[in-house]
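model.cif (mmCIF, C-alpha atoms) appears below.
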```cif
data_input
loop_
_atom_site.group_PDB
_atom_site.id
_atom_site.type_symbol
_atom_site.label_atom_id
_atom_site.label_comp_id
_atom_site.auth_asym_id
_atom_site.auth_seq_id
_atom_site.Cartn_x
_atom_site.Cartn_y
_atom_site.Cartn_z
ATOM 1 C CA MET A 1 68.342 -39.110 -173.807
ATOM 2 C CA ASP A 2 66.539 -36.100 -172.456
ATOM 3 C CA GLU A 3 67.002 -32.538 -171.301
ATOM 4 C CA LYS A 4 66.300 -30.587 -168.168
ATOM 5 C CA THR A 5 65.945 -27.072 -169.468
ATOM 6 C CA ALA A 6 66.189 -23.689 -167.747
ATOM 7 C CA ILE A 7 67.706 -24.854 -164.457
ATOM 8 C CA GLN A 8 67.908 -21.642 -162.455
ATOM 9 C CA ALA A 9 70.980 -20.534 -160.523
ATOM 10 C CA LEU A 10 69.095 -19.104 -157.542
ATOM 11 C CA ASP A 11 70.804 -17.533 -154.563
ATOM 12 C CA ARG A 12 68.558 -17.018 -151.535
ATOM 13 C CA THR A 13 68.744 -13.584 -149.947
ATOM 14 C CA GLN A 14 68.794 -15.176 -146.474
ATOM 15 C CA PRO A 15 70.143 -18.530 -145.270
ATOM 16 C CA ALA A 16 67.705 -21.421 -144.814
ATOM 17 C CA LEU A 17 66.321 -21.916 -141.335
ATOM 18 C CA PRO A 18 67.126 -25.489 -140.231
ATOM 19 C CA LEU A 19 64.750 -28.160 -139.027
ATOM 20 C CA ARG A 20 63.560 -27.802 -135.443
ATOM 21 C CA ALA A 21 61.219 -29.888 -133.335
ATOM 22 C CA GLY A 22 57.816 -29.575 -134.976
ATOM 23 C CA LYS A 23 59.099 -27.123 -137.623
ATOM 24 C CA PRO A 24 60.164 -27.952 -141.193
ATOM 25 C CA GLU A 25 63.203 -26.460 -142.868
ATOM 26 C CA ARG A 26 62.307 -22.999 -144.175
ATOM 27 C CA HIS A 27 63.631 -20.805 -146.985
ATOM 28 C CA SER A 28 62.990 -17.166 -147.673
ATOM 29 C CA VAL A 29 60.878 -16.555 -150.744
ATOM 30 C CA GLU A 30 63.228 -13.849 -151.971
ATOM 31 C CA TYR A 31 66.145 -14.766 -154.171
ATOM 32 C CA VAL A 32 68.583 -13.441 -156.743
ATOM 33 C CA ARG A 33 68.469 -15.184 -160.109
ATOM 34 C CA HIS A 34 71.920 -15.407 -161.707
ATOM 35 C CA GLY A 35 70.853 -17.122 -164.937
ATOM 36 C CA THR A 36 69.963 -20.538 -166.256
ATOM 37 C CA VAL A 37 71.571 -23.612 -167.747
ATOM 38 C CA SER A 38 70.169 -26.667 -169.529
ATOM 39 C CA LEU A 39 71.337 -30.215 -168.857
ATOM 40 C CA LEU A 40 71.488 -32.834 -171.610
ATOM 41 C CA ALA A 41 71.739 -36.387 -170.291
ATOM 42 C CA ALA A 42 71.876 -39.913 -171.679
ATOM 43 C CA PRO A 43 72.152 -42.969 -169.427
ATOM 44 C CA GLU A 44 73.926 -46.064 -170.716
ATOM 45 C CA VAL A 45 71.420 -48.787 -169.862
ATOM 46 C CA HIS A 46 74.041 -51.539 -169.485
ATOM 47 C CA THR A 47 76.275 -49.670 -167.026
ATOM 48 C CA GLY A 48 73.929 -47.130 -165.434
ATOM 49 C CA LYS A 49 76.475 -44.364 -166.076
ATOM 50 C CA VAL A 50 75.160 -41.065 -167.395
ATOM 51 C CA GLN A 51 76.755 -39.026 -170.145
ATOM 52 C CA SER A 52 75.890 -35.379 -169.727
ATOM 53 C CA ARG A 53 76.558 -31.853 -170.844
ATOM 54 C CA CYS A 54 75.484 -28.463 -169.499
ATOM 55 C CA VAL A 55 74.649 -25.867 -172.145
ATOM 56 C CA ALA A 56 73.732 -22.201 -171.970
ATOM 57 C CA ARG A 57 70.957 -22.527 -174.556
ATOM 58 C CA HIS A 58 68.891 -25.539 -175.521
ATOM 59 C CA THR A 59 69.211 -25.676 -179.315
ATOM 60 C CA SER A 60 69.388 -28.361 -181.977
ATOM 61 C CA ASP A 61 73.080 -27.495 -182.493
ATOM 62 C CA GLU A 62 73.740 -28.318 -178.833
ATOM 63 C CA VAL A 63 71.788 -31.578 -179.189
ATOM 64 C CA VAL A 64 73.935 -32.503 -182.213
ATOM 65 C CA ARG A 65 77.142 -31.715 -180.287
ATOM 66 C CA PHE A 66 75.921 -33.853 -177.399
ATOM 67 C CA LEU A 67 75.048 -36.731 -179.729
ATOM 68 C CA ASP A 68 78.559 -36.505 -181.225
ATOM 69 C CA GLU A 69 80.056 -36.822 -177.730
ATOM 70 C CA ALA A 70 77.709 -39.665 -176.792
ATOM 71 C CA VAL A 71 78.561 -41.898 -179.770
ATOM 72 C CA VAL A 72 82.286 -41.180 -180.087
ATOM 73 C CA GLY A 73 84.194 -44.463 -180.116
ATOM 74 C CA GLN A 74 81.007 -46.471 -180.728
ATOM 75 C CA ARG A 75 81.110 -46.585 -184.543
ATOM 76 C CA ARG A 76 80.897 -50.389 -184.778
ATOM 77 C CA LYS A 77 78.039 -50.747 -182.295
ATOM 78 C CA GLN A 78 74.357 -50.385 -183.036
ATOM 79 C CA ILE A 79 73.063 -47.602 -180.770
ATOM 80 C CA HIS A 80 69.423 -47.083 -179.867
ATOM 81 C CA VAL A 81 68.465 -43.663 -178.511
ATOM 82 C CA ILE A 82 65.097 -43.272 -176.810
ATOM 83 C CA LEU A 83 63.769 -39.716 -176.998
ATOM 84 C CA ASP A 84 60.603 -37.834 -176.235
ATOM 85 C CA ASN A 85 58.798 -35.904 -178.958
ATOM 86 C CA LEU A 86 60.366 -32.532 -178.214
ATOM 87 C CA SER A 87 60.624 -30.480 -181.395
ATOM 88 C CA VAL A 88 64.395 -29.985 -180.988
ATOM 89 C CA HIS A 89 64.823 -33.751 -181.502
ATOM 90 C CA LYS A 90 63.238 -33.539 -184.947
ATOM 91 C CA THR A 91 64.974 -30.524 -186.500
ATOM 92 C CA ALA A 92 66.749 -30.625 -189.847
ATOM 93 C CA ALA A 93 70.141 -30.504 -188.080
ATOM 94 C CA VAL A 94 69.308 -33.555 -185.930
ATOM 95 C CA ARG A 95 67.866 -35.458 -188.926
ATOM 96 C CA ALA A 96 71.031 -34.684 -190.927
ATOM 97 C CA TRP A 97 73.159 -35.936 -188.032
ATOM 98 C CA LEU A 98 71.138 -39.145 -187.901
ATOM 99 C CA GLU A 99 71.652 -39.724 -191.644
ATOM 100 C CA ARG A 100 75.439 -39.408 -191.142
ATOM 101 C CA HIS A 101 75.294 -42.025 -188.353
ATOM 102 C CA PRO A 102 73.539 -45.114 -189.787
ATOM 103 C CA HIS A 103 74.481 -47.179 -186.711
ATOM 104 C CA VAL A 104 72.260 -44.934 -184.551
ATOM 105 C CA GLN A 105 68.520 -45.439 -184.440
ATOM 106 C CA PHE A 106 66.067 -43.092 -182.728
ATOM 107 C CA HIS A 107 62.971 -44.375 -180.933
ATOM 108 C CA PHE A 108 60.401 -41.792 -179.858
ATOM 109 C CA THR A 109 58.211 -42.411 -176.827
ATOM 110 C CA PRO A 110 54.473 -41.969 -177.378
ATOM 111 C CA THR A 111 53.072 -38.580 -176.398
ATOM 112 C CA TYR A 112 52.651 -38.280 -172.606
ATOM 113 C CA SER A 113 54.759 -41.406 -172.070
ATOM 114 C CA SER A 114 58.185 -39.882 -171.480
ATOM 115 C CA TRP A 115 57.999 -41.276 -167.922
ATOM 116 C CA LEU A 116 58.813 -44.634 -169.550
ATOM 117 C CA ASN A 117 62.237 -43.291 -170.449
ATOM 118 C CA GLN A 118 64.876 -44.244 -167.841
ATOM 119 C CA VAL A 119 66.513 -40.830 -168.073
ATOM 120 C CA GLU A 120 63.368 -39.294 -166.548
ATOM 121 C CA ILE A 121 64.021 -41.284 -163.371
ATOM 122 C CA TRP A 122 67.592 -40.030 -163.303
ATOM 123 C CA LEU A 123 66.562 -36.405 -163.922
ATOM 124 C CA GLY A 124 64.209 -36.733 -160.972
ATOM 125 C CA MET A 125 67.104 -37.992 -158.849
ATOM 126 C CA ILE A 126 69.420 -35.085 -159.718
ATOM 127 C CA THR A 127 66.589 -32.625 -159.120
ATOM 128 C CA ARG A 128 65.859 -34.097 -155.694
ATOM 129 C CA ASP A 129 69.471 -34.675 -154.604
ATOM 130 C CA CYS A 130 71.277 -31.666 -156.080
ATOM 131 C CA LEU A 131 69.014 -28.921 -157.380
ATOM 132 C CA ARG A 132 65.746 -28.564 -155.483
ATOM 133 C CA ARG A 133 66.974 -26.887 -152.308
ATOM 134 C CA GLY A 134 70.294 -25.675 -153.686
ATOM 135 C CA THR A 135 71.640 -22.169 -153.422
ATOM 136 C CA PHE A 136 73.924 -21.159 -156.276
ATOM 137 C CA LYS A 137 76.056 -18.001 -156.396
ATOM 138 C CA SER A 138 76.429 -18.076 -160.204
ATOM 139 C CA VAL A 139 75.733 -20.176 -163.293
ATOM 140 C CA SER A 140 79.265 -21.605 -163.123
ATOM 141 C CA HIS A 141 78.654 -22.583 -159.479
ATOM 142 C CA LEU A 142 75.458 -24.350 -160.574
ATOM 143 C CA VAL A 143 77.263 -26.155 -163.424
ATOM 144 C CA ASN A 144 80.048 -27.246 -161.039
ATOM 145 C CA LYS A 145 77.478 -28.681 -158.620
ATOM 146 C CA ILE A 146 75.660 -30.534 -161.410
ATOM 147 C CA MET A 147 78.833 -31.983 -162.929
ATOM 148 C CA GLY A 148 80.175 -32.894 -159.470
ATOM 149 C CA TYR A 149 76.947 -34.774 -158.732
ATOM 150 C CA ILE A 150 77.224 -36.622 -162.049
ATOM 151 C CA ARG A 151 80.872 -37.606 -161.461
ATOM 152 C CA LEU A 152 79.961 -38.927 -158.004
ATOM 153 C CA TYR A 153 76.905 -40.740 -159.364
ATOM 154 C CA ASN A 154 78.907 -42.395 -162.157
ATOM 155 C CA ARG A 155 81.476 -43.821 -159.700
ATOM 156 C CA THR A 156 78.891 -46.245 -158.315
ATOM 157 C CA ALA A 157 76.335 -46.283 -161.146
ATOM 158 C CA GLN A 158 74.244 -49.406 -161.625
ATOM 159 C CA PRO A 159 71.664 -50.163 -164.327
ATOM 160 C CA PHE A 160 68.112 -49.343 -163.289
ATOM 161 C CA CYS A 161 65.966 -52.327 -162.403
ATOM 162 C CA TRP A 162 62.326 -51.378 -162.718
ATOM 163 C CA THR A 163 59.587 -53.224 -160.898
ATOM 164 C CA TYR A 164 55.947 -52.556 -161.612
ATOM 165 C CA HIS A 165 53.329 -53.984 -159.289
ATOM 166 C CA ASN A 166 49.896 -54.804 -160.593
ATOM 167 C CA PRO A 167 47.527 -56.569 -158.163
ATOM 168 C CA ARG A 168 46.791 -59.179 -160.861
ATOM 169 C CA LYS A 169 50.356 -59.899 -161.916
ATOM 170 C CA ARG A 170 53.935 -58.829 -161.241
ATOM 171 C CA ILE A 171 56.106 -57.545 -164.067
ATOM 172 C CA HIS A 172 59.851 -56.916 -163.889
ATOM 173 C CA VAL A 173 61.405 -54.655 -166.488
ATOM 174 C CA LEU A 174 65.174 -55.109 -166.785
ATOM 175 C CA PRO A 175 67.747 -53.647 -169.161
ATOM 176 C CA ILE A 176 68.074 -55.794 -172.262
ATOM 177 C CA SER A 177 71.548 -57.020 -173.111
ATOM 178 C CA VAL A 178 72.527 -56.904 -176.769
ATOM 179 C CA THR A 179 75.348 -59.295 -177.631
ATOM 180 C CA GLY A 180 77.368 -59.887 -180.751
ATOM 181 C CA HIS A 181 78.025 -56.194 -181.542
#
```
Show the structure stored in the file as structure tokens.
Amino acid sequence: MDEKTAIQALDRTQPALPLRAGKPERHSVEYVRHGTVSLLAAPEVHTGKVQSRCVARHTSDEVVRFLDEAVVGQRRKQIHVILDNLSVHKTAAVRAWLERHPHVQFHFTPTYSSWLNQVEIWLGMITRDCLRRGTFKSVSHLVNKIMGYIRLYNRTAQPFCWTYHNPRKRIHVLPISVTGH
């Protein structure tokens, strides 16, 4: 699970100029900022689907609400949540939530290693495909675009299959299947 905080709902003051022979697409540098939203996301490693929630403010209360949504209906399953070391993941409210959910175990990535977390790959995808060159008339327009992207993504979601190439050896990292739960 991870967050993409302070996603800006930017509306360009002029339309983008399209690609032309020898010229890249161009945007004006002037924009109107309508506000921000934060995205909480948690991929399910076995299906590739992403559970998500857009929130106005990134607080531990919002993280707890998201965790509640993510584990609903999973009471009998052991759940492992991989997180980075963001302070909001270690607040008293989140620790209290974890104590009330003994079937959930948190695993924190080492400092500067959040790139190992699969959700970072997915956040990069939504940034590239939906947010980077977007123009948004309002925060609600931005949220609708984000949630629309996620619904479309989840229709054909597949688990990530990582491949790392080292000149000395080849390593494949695949999702691990847990059976018997």
Distance in Å - atom CA of Glu99 of chain A versus atom CA of Val71 of chain A: 13.9 Å
Which one is closest to Arg12 of chain A: A:Val32, A:Ala70, A:Val139, A:Ala56? Count all atoms listed in the file.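 Among the listed residues, the smallest separation from Arg12 of chain A belongs to A:Val32.
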Test item: the PyMOL selection byres ((chain A and resi 23-31) around 8) resolved as a PyMOL selection string: chain A and resi 10-22+32-33
With distances taken over only C-alpha atoms, the candidate from A:Asn154, A:Thr135, A:Gln78, A:Asn144 nearest Val50 of chain A is A:Asn154
Rounded to one decimal in Å, what is the spacing between atom CA of Glu3 of chain A and atom CA of Leu40 of chain A?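 Answer for the atom CA of Glu3 of chain A to atom CA of Leu40 of chain A separation: 4.5 Å.
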Given the choices A:Gly148, A:Pro110, A:Pro102, A:Gly134, which gets closest to Asn85 of chain A if the distance is worked out from all atoms listed in the file? A:Pro110
Which distance in Å separates atom CA of Val63 of chain A and atom CA of Arg128 of chain A, to one decimal?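 Atom CA of Val63 of chain A sits 24.4 Å away from atom CA of Arg128 of chain A.
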Could you state which residues are captured by the PyMOL selection byres ((chain A and resi 62) around 12) in this file, as a list of chain:residue names? A:Glu3, A:Ser38, A:Leu39, A:Leu40, A:Ala41, A:Ser52, A:Arg53, A:Cys54, A:Val55, A:Ala56, A:Arg57, A:His58, A:Thr59, A:Ser60, A:Asp61, A:Val63, A:Val64, A:Arg65, A:Phe66, A:Leu67, A:Asp68, A:Glu69, A:Val88, A:His89, A:Thr91, A:Ala93, A:Val94, A:Trp97
Output the residue selection produced by the PyMOL selection byres ((chain A and resi 157) around 10) on the file above, formatted as a ChimeraX atom specification. /A:43-44,47-50,150-156,158-160
Print the selection's residues with C-alpha atoms to a file, as a PDB file, in the frame of the given file.
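Here's the written file part-v1.pdb:
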```
ATOM      1  CA  PRO A  43      72.152 -42.969-169.427  1.00  0.00           C
ATOM      2  CA  GLU A  44      73.926 -46.064-170.716  1.00  0.00           C
ATOM      3  CA  THR A  47      76.275 -49.670-167.026  1.00  0.00           C
ATOM      4  CA  GLY A  48      73.929 -47.130-165.434  1.00  0.00           C
ATOM      5  CA  LYS A  49      76.475 -44.364-166.076  1.00  0.00           C
ATOM      6  CA  VAL A  50      75.160 -41.065-167.395  1.00  0.00           C
ATOM      7  CA  ILE A 150      77.224 -36.622-162.049  1.00  0.00           C
ATOM      8  CA  ARG A 151      80.872 -37.606-161.461  1.00  0.00           C
ATOM      9  CA  LEU A 152      79.961 -38.927-158.004  1.00  0.00           C
ATOM     10  CA  TYR A 153      76.905 -40.740-159.364  1.00  0.00           C
ATOM     11  CA  ASN A 154      78.907 -42.395-162.157  1.00  0.00           C
ATOM     12  CA  ARG A 155      81.476 -43.821-159.700  1.00  0.00           C
ATOM     13  CA  THR A 156      78.891 -46.245-158.315  1.00  0.00           C
ATOM     14  CA  GLN A 158      74.244 -49.406-161.625  1.00  0.00           C
ATOM     15  CA  PRO A 159      71.664 -50.163-164.327  1.00  0.00           C
ATOM     16  CA  PHE A 160      68.112 -49.343-163.289  1.00  0.00           C
TER      17      PHE A 160
END
```
Determine the nearest neighbour of Thr36 of chain A from the options A:His101, A:Ile7, A:Gln51, A:Ala96, counting all atoms listed in the file.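 That would be A:Ile7, the residue with the smallest distance to Thr36 of chain A.
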Pick from A:Thr127, A:Arg133, A:Ile79, A:Gly73: nearest to Ile146 of chain A, with all atoms listed in the file counted?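 Closest residue, counting all atoms listed in the file: A:Thr127.
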Which of A:Leu98, A:Val81, A:Val45, A:Val143 sits closest to Trp122 of chain A [using all atoms listed in the file]: A:Val45
Counting only C-alpha atoms, which residues have an atom no more than 6 Å from (68.0, -41.4, -172.7) in the file's coordinates? Please list them as a ChimeraX atom specification. /A:1-2,42-43,82,119
